[in-house]
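Asks: Structure: data_34.pdb, PDB, C-alpha atoms.
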ATOM      1  CA  MET D   1      46.337  38.103 -21.472
ATOM      2  CA  LYS D   2      43.543  40.377 -22.675
ATOM      3  CA  ARG D   3      42.338  37.682 -25.070
ATOM      4  CA  SER D   4      42.148  35.175 -22.200
ATOM      5  CA  ALA D   5      40.155  37.600 -20.093
ATOM      6  CA  ILE D   6      37.777  38.341 -22.981
ATOM      7  CA  PHE D   7      37.366  34.617 -23.723
ATOM      8  CA  LEU D   8      36.659  33.831 -20.051
ATOM      9  CA  SER D   9      34.098  36.623 -19.880
ATOM     10  CA  LEU D  10      32.429  35.300 -23.018
ATOM     11  CA  VAL D  11      32.250  31.756 -21.638
ATOM     12  CA  MET D  12      30.694  33.020 -18.407
ATOM     13  CA  LEU D  13      28.196  35.134 -20.327
ATOM     14  CA  LEU D  14      27.175  32.241 -22.575
ATOM     15  CA  GLY D  15      26.793  29.984 -19.537
ATOM     16  CA  SER D  16      24.618  32.571 -17.864
ATOM     17  CA  LEU D  17      22.479  32.996 -20.975
ATOM     18  CA  ALA D  18      22.086  29.221 -21.340
ATOM     19  CA  MET D  19      20.907  28.947 -17.763
ATOM     20  CA  SER D  20      18.509  31.854 -18.071
ATOM     21  CA  ALA D  21      17.039  30.259 -21.211
ATOM     22  CA  GLN D  22      15.876  27.242 -19.217
ATOM     23  CA  THR D  23      12.316  27.200 -18.004
ATOM     24  CA  PRO D  24      11.318  26.060 -14.501
ATOM     25  CA  GLN D  25       9.744  22.970 -16.075
ATOM     26  CA  SER D  26      12.916  22.001 -17.974
ATOM     27  CA  VAL D  27      14.989  22.386 -14.804
ATOM     28  CA  LEU D  28      12.562  20.211 -12.824
ATOM     29  CA  ASP D  29      12.530  17.566 -15.546
ATOM     30  CA  LYS D  30      16.340  17.341 -15.324
ATOM     31  CA  CYS D  31      16.112  17.294 -11.537
ATOM     32  CA  LEU D  32      13.742  14.329 -11.600
ATOM     33  CA  ALA D  33      15.500  12.421 -14.384
ATOM     34  CA  GLY D  34      18.126  11.042 -12.006
ATOM     35  CA  PHE D  35      15.501   9.218  -9.963
ATOM     36  CA  LYS D  36      14.517   7.074 -12.914
ATOM     37  CA  LYS D  37      17.900   5.359 -12.624
ATOM     38  CA  GLY D  38      17.345   3.992  -9.108
ATOM     39  CA  ALA D  39      17.147   4.953  -5.452
ATOM     40  CA  VAL D  40      19.011   7.948  -4.035
ATOM     41  CA  SER D  41      19.949   8.741  -0.439
ATOM     42  CA  ALA D  42      20.833  12.082   1.142
ATOM     43  CA  VAL D  43      21.273  13.870   4.458
ATOM     44  CA  TYR D  44      18.922  16.693   5.417
ATOM     45  CA  THR D  45      18.516  19.374   8.073
ATOM     46  CA  PHE D  46      15.133  20.840   8.981
ATOM     47  CA  SER D  47      14.985  24.157  10.817
ATOM     48  CA  ASN D  48      12.334  26.633  11.956
ATOM     49  CA  SER D  49      11.750  29.066  14.824
ATOM     50  CA  HIS D  50      11.528  26.146  17.282
ATOM     51  CA  GLY D  51      14.974  24.746  16.491
ATOM     52  CA  ALA D  52      16.599  22.286  14.110
ATOM     53  CA  SER D  53      16.861  18.552  13.506
ATOM     54  CA  SER D  54      18.696  16.392  11.009
ATOM     55  CA  GLY D  55      18.342  12.962   9.508
ATOM     56  CA  SER D  56      18.553  10.847   6.367
ATOM     57  CA  ILE D  57      16.249  10.263   3.430
ATOM     58  CA  VAL D  58      16.016   7.525   0.809
ATOM     59  CA  LEU D  59      14.075   8.273  -2.385
ATOM     60  CA  SER D  60      12.896   6.041  -5.207
ATOM     61  CA  GLY D  61      10.363   7.561  -7.594
ATOM     62  CA  LYS D  62       7.564   8.900  -5.402
ATOM     63  CA  LYS D  63       8.455   6.554  -2.543
ATOM     64  CA  PHE D  64      10.574   7.727   0.366
ATOM     65  CA  ARG D  65      11.791   6.967   3.866
ATOM     66  CA  VAL D  66      12.830   9.661   6.323
ATOM     67  CA  LEU D  67      14.658   8.819   9.544
ATOM     68  CA  SER D  68      15.733  11.185  12.326
ATOM     69  CA  SER D  69      16.031  11.023  16.098
ATOM     70  CA  ASP D  70      12.552  12.480  16.677
ATOM     71  CA  LEU D  71      10.631  11.677  13.489
ATOM     72  CA  LYS D  72      10.298   8.743  11.090
ATOM     73  CA  SER D  73       8.198   8.526   7.929
ATOM     74  CA  TRP D  74       7.607   5.878   5.293
ATOM     75  CA  TYR D  75       5.674   6.391   2.063
ATOM     76  CA  ASP D  76       5.080   3.579  -0.430
ATOM     77  CA  GLY D  77       3.464   5.728  -3.089
ATOM     78  CA  SER D  78      -0.047   5.694  -1.620
ATOM     79  CA  THR D  79       0.113   5.256   2.169
ATOM     80  CA  MET D  80       2.252   7.177   4.655
ATOM     81  CA  TRP D  81       3.250   6.026   8.127
ATOM     82  CA  SER D  82       4.561   8.770  10.443
ATOM     83  CA  TYR D  83       6.136   8.253  13.856
ATOM     84  CA  SER D  84       6.755  11.170  16.196
ATOM     85  CA  LYS D  85       8.801  10.644  19.329
ATOM     86  CA  ALA D  86       7.006  13.581  20.958
ATOM     87  CA  VAL D  87       3.531  12.142  20.281
ATOM     88  CA  GLY D  88       4.579   8.535  20.891
ATOM     89  CA  GLU D  89       2.464   6.932  18.179
ATOM     90  CA  VAL D  90       2.437   5.981  14.514
ATOM     91  CA  ASN D  91      -0.197   7.615  12.305
ATOM     92  CA  ILE D  92      -1.311   6.004   9.053
ATOM     93  CA  THR D  93      -2.626   8.459   6.457
ATOM     94  CA  THR D  94      -3.297   8.978   2.784
ATOM     95  CA  PRO D  95      -1.253  12.160   2.534
ATOM     96  CA  THR D  96      -2.208  15.372   0.749
ATOM     97  CA  ALA D  97       0.227  17.229  -1.506
ATOM     98  CA  ALA D  98       1.012  19.548   1.427
ATOM     99  CA  ASP D  99       1.719  16.575   3.727
ATOM    100  CA  LEU D 100       4.122  15.090   1.199
ATOM    101  CA  ALA D 101       5.836  18.438   0.600
ATOM    102  CA  MET D 102       6.674  18.839   4.286
ATOM    103  CA  ALA D 103       7.992  15.272   4.548
ATOM    104  CA  ASN D 104       9.879  14.896   1.256
ATOM    105  CA  PRO D 105      11.715  17.758  -0.516
ATOM    106  CA  TYR D 106      11.216  16.075  -3.883
ATOM    107  CA  ALA D 107       7.427  15.742  -3.569
ATOM    108  CA  ILE D 108       6.952  19.335  -4.696
ATOM    109  CA  ALA D 109       9.012  18.762  -7.834
ATOM    110  CA  GLN D 110       7.216  15.492  -8.545
ATOM    111  CA  ASN D 111       3.728  17.019  -8.142
ATOM    112  CA  TYR D 112       4.334  20.379  -9.803
ATOM    113  CA  LYS D 113       2.049  19.654 -12.767
ATOM    114  CA  THR D 114      -1.018  18.917 -10.667
ATOM    115  CA  ALA D 115      -0.580  20.627  -7.298
ATOM    116  CA  TYR D 116       1.386  23.849  -7.861
ATOM    117  CA  ASN D 117       1.797  26.923 -10.015
ATOM    118  CA  MET D 118       5.446  27.827 -10.496
ATOM    119  CA  SER D 119       7.629  30.704 -11.575
ATOM    120  CA  ARG D 120      11.322  31.472 -11.650
ATOM    121  CA  GLY D 121      12.797  32.988  -8.501
ATOM    122  CA  THR D 122      15.992  34.922  -7.788
ATOM    123  CA  ALA D 123      18.988  32.639  -7.336
ATOM    124  CA  ALA D 124      22.608  32.885  -6.284
ATOM    125  CA  ALA D 125      25.513  31.818  -8.502
ATOM    126  CA  GLY D 126      25.492  28.094  -9.185
ATOM    127  CA  SER D 127      21.844  27.604  -8.337
ATOM    128  CA  TYR D 128      18.396  27.883  -9.854
ATOM    129  CA  THR D 129      15.413  28.849  -7.711
ATOM    130  CA  ILE D 130      11.773  28.071  -8.480
ATOM    131  CA  LYS D 131       8.811  29.529  -6.599
ATOM    132  CA  PHE D 132       5.751  27.326  -6.058
ATOM    133  CA  THR D 133       2.251  28.346  -4.965
ATOM    134  CA  PRO D 134      -0.494  25.749  -4.364
ATOM    135  CA  LYS D 135      -3.292  25.559  -6.920
ATOM    136  CA  LYS D 136      -5.772  24.517  -4.241
ATOM    137  CA  LYS D 137      -6.409  25.700  -0.685
ATOM    138  CA  SER D 138      -3.488  24.657   1.506
ATOM    139  CA  ASN D 139      -1.725  25.538   4.742
ATOM    140  CA  ILE D 140       1.329  26.217   2.580
ATOM    141  CA  LYS D 141       1.492  29.768   1.196
ATOM    142  CA  GLU D 142       4.566  29.386  -0.990
ATOM    143  CA  VAL D 143       7.683  27.261  -1.431
ATOM    144  CA  MET D 144      11.089  28.231  -2.818
ATOM    145  CA  LEU D 145      13.063  25.318  -4.275
ATOM    146  CA  THR D 146      16.805  25.778  -4.874
ATOM    147  CA  ILE D 147      18.477  23.434  -7.379
ATOM    148  CA  ASN D 148      22.203  23.077  -8.127
ATOM    149  CA  THR D 149      22.931  24.074 -11.742
ATOM    150  CA  LYS D 150      25.558  21.344 -12.247
ATOM    151  CA  THR D 151      24.045  18.308 -10.552
ATOM    152  CA  TYR D 152      20.363  19.334 -10.677
ATOM    153  CA  TYR D 153      19.989  18.106  -7.112
ATOM    154  CA  ILE D 154      17.740  20.008  -4.736
ATOM    155  CA  THR D 155      19.877  21.765  -2.132
ATOM    156  CA  LYS D 156      17.318  23.819  -0.225
ATOM    157  CA  VAL D 157      13.547  24.041   0.285
ATOM    158  CA  GLN D 158      12.058  27.074   2.040
ATOM    159  CA  PHE D 159       8.434  27.022   3.190
ATOM    160  CA  VAL D 160       6.181  29.951   4.071
ATOM    161  CA  MET D 161       2.922  28.851   5.674
ATOM    162  CA  THR D 162      -0.385  30.733   5.548
ATOM    163  CA  ASN D 163       0.224  31.940   9.112
ATOM    164  CA  ASN D 164       3.564  33.348   7.822
ATOM    165  CA  THR D 165       5.731  30.932   9.828
ATOM    166  CA  LYS D 166       8.824  29.802   7.934
ATOM    167  CA  SER D 167      10.896  26.630   7.810
ATOM    168  CA  THR D 168      13.860  25.441   5.766
ATOM    169  CA  ILE D 169      15.139  22.051   4.622
ATOM    170  CA  THR D 170      18.728  21.819   3.379
ATOM    171  CA  VAL D 171      19.849  18.667   1.574
ATOM    172  CA  SER D 172      23.397  17.361   1.001
ATOM    173  CA  ASN D 173      25.573  14.232   0.641
ATOM    174  CA  TYR D 174      23.626  12.696  -2.212
ATOM    175  CA  LYS D 175      24.402   9.087  -3.146
ATOM    176  CA  SER D 176      22.914   7.395  -6.209
ATOM    177  CA  GLY D 177      22.488   3.706  -6.955
ATOM    178  CA  VAL D 178      21.357   2.954  -3.396
ATOM    179  CA  LYS D 179      19.856  -0.494  -2.749
ATOM    180  CA  ALA D 180      16.243  -0.112  -1.626
ATOM    181  CA  ASP D 181      13.517  -2.736  -1.994
ATOM    182  CA  ALA D 182       9.761  -2.314  -1.436
ATOM    183  CA  ALA D 183      10.128  -3.006   2.306
ATOM    184  CA  THR D 184      12.338   0.088   2.668
ATOM    185  CA  PHE D 185       9.283   2.295   2.179
ATOM    186  CA  LYS D 186       6.838   0.427   4.386
ATOM    187  CA  PHE D 187       6.415   0.661   8.140
ATOM    188  CA  SER D 188       7.308  -2.243  10.429
ATOM    189  CA  LYS D 189       6.644  -2.335  14.180
ATOM    190  CA  SER D 190      10.264  -3.326  14.728
ATOM    191  CA  GLN D 191      11.280   0.192  13.615
ATOM    192  CA  VAL D 192       9.676   1.963  16.595
ATOM    193  CA  PRO D 193       9.706   1.334  20.382
ATOM    194  CA  LYS D 194       7.836  -1.791  21.465
ATOM    195  CA  GLY D 195       4.206  -1.120  22.314
ATOM    196  CA  THR D 196       3.936   2.089  20.248
ATOM    197  CA  PRO D 197       0.267   2.630  19.292
ATOM    198  CA  VAL D 198      -0.524   2.567  15.552
ATOM    199  CA  VAL D 199      -3.475   4.804  14.671
ATOM    200  CA  ASP D 200      -5.151   4.492  11.250
ATOM    201  CA  LEU D 201      -6.403   7.955  10.227
ATOM    202  CA  ARG D 202      -7.404   7.086   6.676
TER     203      ARG D 202
END
Using the file provided, produce a representation of the structure as structure tokens.

Replies:
Amino acid sequence: MKRSAIFLSLVMLLGSLAMSAQTPQSVLDKCLAGFKKGAVSAVYTFSNSHGASSGSIVLSGKKFRVLSSDLKSWYDGSTMWSYSKAVGEVNITTPTAADLAMANPYAIAQNYKTAYNMSRGTAAAGSYTIKFTPKKKSNIKEVMLTINTKTYYITKVQFVMTNNTKSTITVSNYKSGVKADAATFKFSKSQVPKGTPVVDLR
């Protein structure tokens, strides 16, 4: 019985040491590796001091589509179309790193080499947390990215803005091998109410 307890303790210790030996970059590389195999879908919840909303996201490389009851976004790798039910129009932009980070939880991981400095954060059991700070002037002060140690999927993104407001995105129900062609990540007028203005802000 004592041998079993000692063995279990040793296994847990070795697992802990193996995890601590990983660098933020190696964890992110494993996190992103799964997206080279095809599109992935997930469910997300966004919350801040004003309330919460939920929706779905489809990701393929740097492309993504986000759909919720009050917000829709499409990004084909260069152009982003954003529809807000509250504003009642579609805006076309060439997004900044901060714009992409707020729309797509994986954008931070994908752009870490060029847009962010990173360091290891404190994490709970079964997760790995990485702290990001923008390299250039941004309305984002810092971001904490939580990654599952078994699946290497992002489970939570916490934002602190320069005005110290905070928001959180939680992600779950991942599905890999999702069918998504180029049209999935491009805006079509049929996807918003008829007559919705489309404003090109590029």

Asks: Specify as number ranges by chain each residue included when the PyMOL selection byres ((chain D and resi 42) around 8) is applied to this file.

Replies: D: 40-41, 43-44, 56-58, 171-175

Asks: I want to know what sits within 12 Å of D:Met144, based on only C-alpha atoms, with residues of the same chain fewer than 2 positions away left out; could you give that as a ChimeraX atom specification?

Replies: /D:24,101,105,108-109,116-123,128-134,140-142,146-147,154-161,166-170

Asks: Counting only C-alpha atoms, which of D:Leu201, D:Ala86, D:Val143, D:Ala180 gets nearest to D:Thr162?

Replies: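 So, comparing all the options, the nearest one is D:Val143.
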
Asks: Place a sphere of radius 12 Å on (12.9, 18.3, 14.1) in the file coordinates and name every protein, DNA or RNA residue with an atom inside or on its surface, counting all atoms listed in the file; give the answer as a list in words.

Replies: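 Selection result: Tyr44, Thr45, Phe46, Ser47, Asn48, Ser49, His50, Gly51, Ala52, Ser53, Ser54, Gly55, Val66, Leu67, Ser68, Ser69, Asp70, Leu71, Lys72, Ser84, Lys85, Ala86, Met102, Ala103, Ser167, Thr168 and Ile169 of chain D.
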
Asks: Write to file, as a compact mmCIF listing (two decimals), in the coordinates of the input, the residues of the selection just made, with C-alpha atoms.

Replies:
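Saved as out-v2.txt:
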# COMPACT_ATOMS: atom_id res chain seq x y z
CA TYR D 44 18.92 16.69 5.42
CA THR D 45 18.52 19.37 8.07
CA PHE D 46 15.13 20.84 8.98
CA SER D 47 14.98 24.16 10.82
CA ASN D 48 12.33 26.63 11.96
CA SER D 49 11.75 29.07 14.82
CA HIS D 50 11.53 26.15 17.28
CA GLY D 51 14.97 24.75 16.49
CA ALA D 52 16.60 22.29 14.11
CA SER D 53 16.86 18.55 13.51
CA SER D 54 18.70 16.39 11.01
CA GLY D 55 18.34 12.96 9.51
CA VAL D 66 12.83 9.66 6.32
CA LEU D 67 14.66 8.82 9.54
CA SER D 68 15.73 11.18 12.33
CA SER D 69 16.03 11.02 16.10
CA ASP D 70 12.55 12.48 16.68
CA LEU D 71 10.63 11.68 13.49
CA LYS D 72 10.30 8.74 11.09
CA SER D 84 6.76 11.17 16.20
CA LYS D 85 8.80 10.64 19.33
CA ALA D 86 7.01 13.58 20.96
CA MET D 102 6.67 18.84 4.29
CA ALA D 103 7.99 15.27 4.55
CA SER D 167 10.90 26.63 7.81
CA THR D 168 13.86 25.44 5.77
CA ILE D 169 15.14 22.05 4.62

Asks: Decode the PyMOL selection byres ((chain D and resi 39) around 8) for the given file into explicit residues and return them as a PyMOL selection string.

Replies: chain D and resi 35+37-38+40-41+58-61+176-180

Asks: What box, with edges along x, y and z, holds each listed atom of stretch 111-122 of chain D when 8 Å is added on every side, and can you state its centre and edge lengths in Å to one decimal, as JSON?

Replies:
{"center_x": 7.5, "center_y": 26.0, "center_z": -10.0, "size_x": 33.0, "size_y": 33.9, "size_z": 21.5}

Asks: Could you please determine the separation between atom CA of D:Asp200 and atom CA of D:Ala107 in Å, to one decimal place?

Replies: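 Going from atom CA of D:Asp200 over to atom CA of D:Ala107 covers 22.5 Å.
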
Asks: Residues within 12 Å of D:Tyr83, please, as a PyMOL selection string. Count all atoms listed in the file; anything in the same chain fewer than 5 positions from it doesn't count.

Replies: chain D and resi 65-75+88-93+103+187-189+191-193+196-199

Asks: Could you check how far atom CA of D:Ser138 sits from atom CA of D:Gly34, in Å to one decimal?

Replies: 28.9 Å

Asks: Could you tell me how far atom CA of D:Thr114 sits from atom CA of D:Cys31, in Å to one decimal place?

Replies: 17.2 Å

Asks: With all atoms listed in the file as the atoms that count, which of D:Thr165, D:Asn111, D:Ser190, D:Thr79 lies nearest to D:Ala98?

Replies: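 Closest to D:Ala98, using all atoms listed in the file: D:Asn111.
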
Asks: Would you mind writing stretch 142-163 of chain D with N, CA and C atoms, as a PDB file, keeping the file's coordinate frame?

Replies:
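Full text of part31.pdb as output:
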ATOM      1  N   GLU D 142       3.646  29.468   0.134  1.00  0.00           N
ATOM      2  CA  GLU D 142       4.566  29.386  -0.990  1.00  0.00           C
ATOM      3  C   GLU D 142       5.791  28.564  -0.614  1.00  0.00           C
ATOM      4  N   VAL D 143       6.469  28.049  -1.633  1.00  0.00           N
ATOM      5  CA  VAL D 143       7.683  27.261  -1.431  1.00  0.00           C
ATOM      6  C   VAL D 143       8.739  27.727  -2.425  1.00  0.00           C
ATOM      7  N   MET D 144       9.966  27.895  -1.945  1.00  0.00           N
ATOM      8  CA  MET D 144      11.089  28.231  -2.818  1.00  0.00           C
ATOM      9  C   MET D 144      12.026  27.022  -2.876  1.00  0.00           C
ATOM     10  N   LEU D 145      12.235  26.510  -4.074  1.00  0.00           N
ATOM     11  CA  LEU D 145      13.063  25.318  -4.275  1.00  0.00           C
ATOM     12  C   LEU D 145      14.372  25.747  -4.936  1.00  0.00           C
ATOM     13  N   THR D 146      15.506  25.429  -4.309  1.00  0.00           N
ATOM     14  CA  THR D 146      16.805  25.778  -4.874  1.00  0.00           C
ATOM     15  C   THR D 146      17.472  24.521  -5.418  1.00  0.00           C
ATOM     16  N   ILE D 147      17.911  24.585  -6.682  1.00  0.00           N
ATOM     17  CA  ILE D 147      18.477  23.434  -7.379  1.00  0.00           C
ATOM     18  C   ILE D 147      19.880  23.779  -7.880  1.00  0.00           C
ATOM     19  N   ASN D 148      20.835  22.880  -7.664  1.00  0.00           N
ATOM     20  CA  ASN D 148      22.203  23.077  -8.127  1.00  0.00           C
ATOM     21  C   ASN D 148      22.256  23.026  -9.656  1.00  0.00           C
ATOM     22  N   THR D 149      22.914  23.991 -10.279  1.00  0.00           N
ATOM     23  CA  THR D 149      22.931  24.074 -11.742  1.00  0.00           C
ATOM     24  C   THR D 149      23.799  23.012 -12.417  1.00  0.00           C
ATOM     25  N   LYS D 150      24.695  22.376 -11.667  1.00  0.00           N
ATOM     26  CA  LYS D 150      25.558  21.344 -12.247  1.00  0.00           C
ATOM     27  C   LYS D 150      24.981  19.945 -12.061  1.00  0.00           C
ATOM     28  N   THR D 151      24.530  19.656 -10.847  1.00  0.00           N
ATOM     29  CA  THR D 151      24.045  18.308 -10.552  1.00  0.00           C
ATOM     30  C   THR D 151      22.534  18.178 -10.716  1.00  0.00           C
ATOM     31  N   TYR D 152      21.824  19.291 -10.663  1.00  0.00           N
ATOM     32  CA  TYR D 152      20.363  19.334 -10.677  1.00  0.00           C
ATOM     33  C   TYR D 152      19.756  18.632  -9.464  1.00  0.00           C
ATOM     34  N   TYR D 153      20.524  18.582  -8.384  1.00  0.00           N
ATOM     35  CA  TYR D 153      19.989  18.106  -7.112  1.00  0.00           C
ATOM     36  C   TYR D 153      19.380  19.278  -6.354  1.00  0.00           C
ATOM     37  N   ILE D 154      18.333  18.990  -5.604  1.00  0.00           N
ATOM     38  CA  ILE D 154      17.740  20.008  -4.736  1.00  0.00           C
ATOM     39  C   ILE D 154      18.667  20.221  -3.540  1.00  0.00           C
ATOM     40  N   THR D 155      18.994  21.461  -3.258  1.00  0.00           N
ATOM     41  CA  THR D 155      19.877  21.765  -2.132  1.00  0.00           C
ATOM     42  C   THR D 155      19.156  22.466  -0.987  1.00  0.00           C
ATOM     43  N   LYS D 156      18.037  23.113  -1.288  1.00  0.00           N
ATOM     44  CA  LYS D 156      17.318  23.819  -0.225  1.00  0.00           C
ATOM     45  C   LYS D 156      15.831  23.957  -0.575  1.00  0.00           C
ATOM     46  N   VAL D 157      14.983  23.818   0.435  1.00  0.00           N
ATOM     47  CA  VAL D 157      13.547  24.041   0.285  1.00  0.00           C
ATOM     48  C   VAL D 157      13.111  24.981   1.408  1.00  0.00           C
ATOM     49  N   GLN D 158      12.508  26.096   1.049  1.00  0.00           N
ATOM     50  CA  GLN D 158      12.058  27.074   2.040  1.00  0.00           C
ATOM     51  C   GLN D 158      10.537  27.194   1.975  1.00  0.00           C
ATOM     52  N   PHE D 159       9.890  26.973   3.105  1.00  0.00           N
ATOM     53  CA  PHE D 159       8.434  27.022   3.190  1.00  0.00           C
ATOM     54  C   PHE D 159       7.965  28.294   3.884  1.00  0.00           C
ATOM     55  N   VAL D 160       6.892  28.884   3.370  1.00  0.00           N
ATOM     56  CA  VAL D 160       6.181  29.951   4.071  1.00  0.00           C
ATOM     57  C   VAL D 160       4.742  29.472   4.200  1.00  0.00           C
ATOM     58  N   MET D 161       4.267  29.341   5.440  1.00  0.00           N
ATOM     59  CA  MET D 161       2.922  28.851   5.674  1.00  0.00           C
ATOM     60  C   MET D 161       1.919  30.009   5.641  1.00  0.00           C
ATOM     61  N   THR D 162       0.639  29.690   5.616  1.00  0.00           N
ATOM     62  CA  THR D 162      -0.385  30.733   5.548  1.00  0.00           C
ATOM     63  C   THR D 162      -0.408  31.611   6.796  1.00  0.00           C
ATOM     64  N   ASN D 163       0.122  31.116   7.901  1.00  0.00           N
ATOM     65  CA  ASN D 163       0.224  31.940   9.112  1.00  0.00           C
ATOM     66  C   ASN D 163       1.554  32.695   9.162  1.00  0.00           C
TER      67      ASN D 163
END
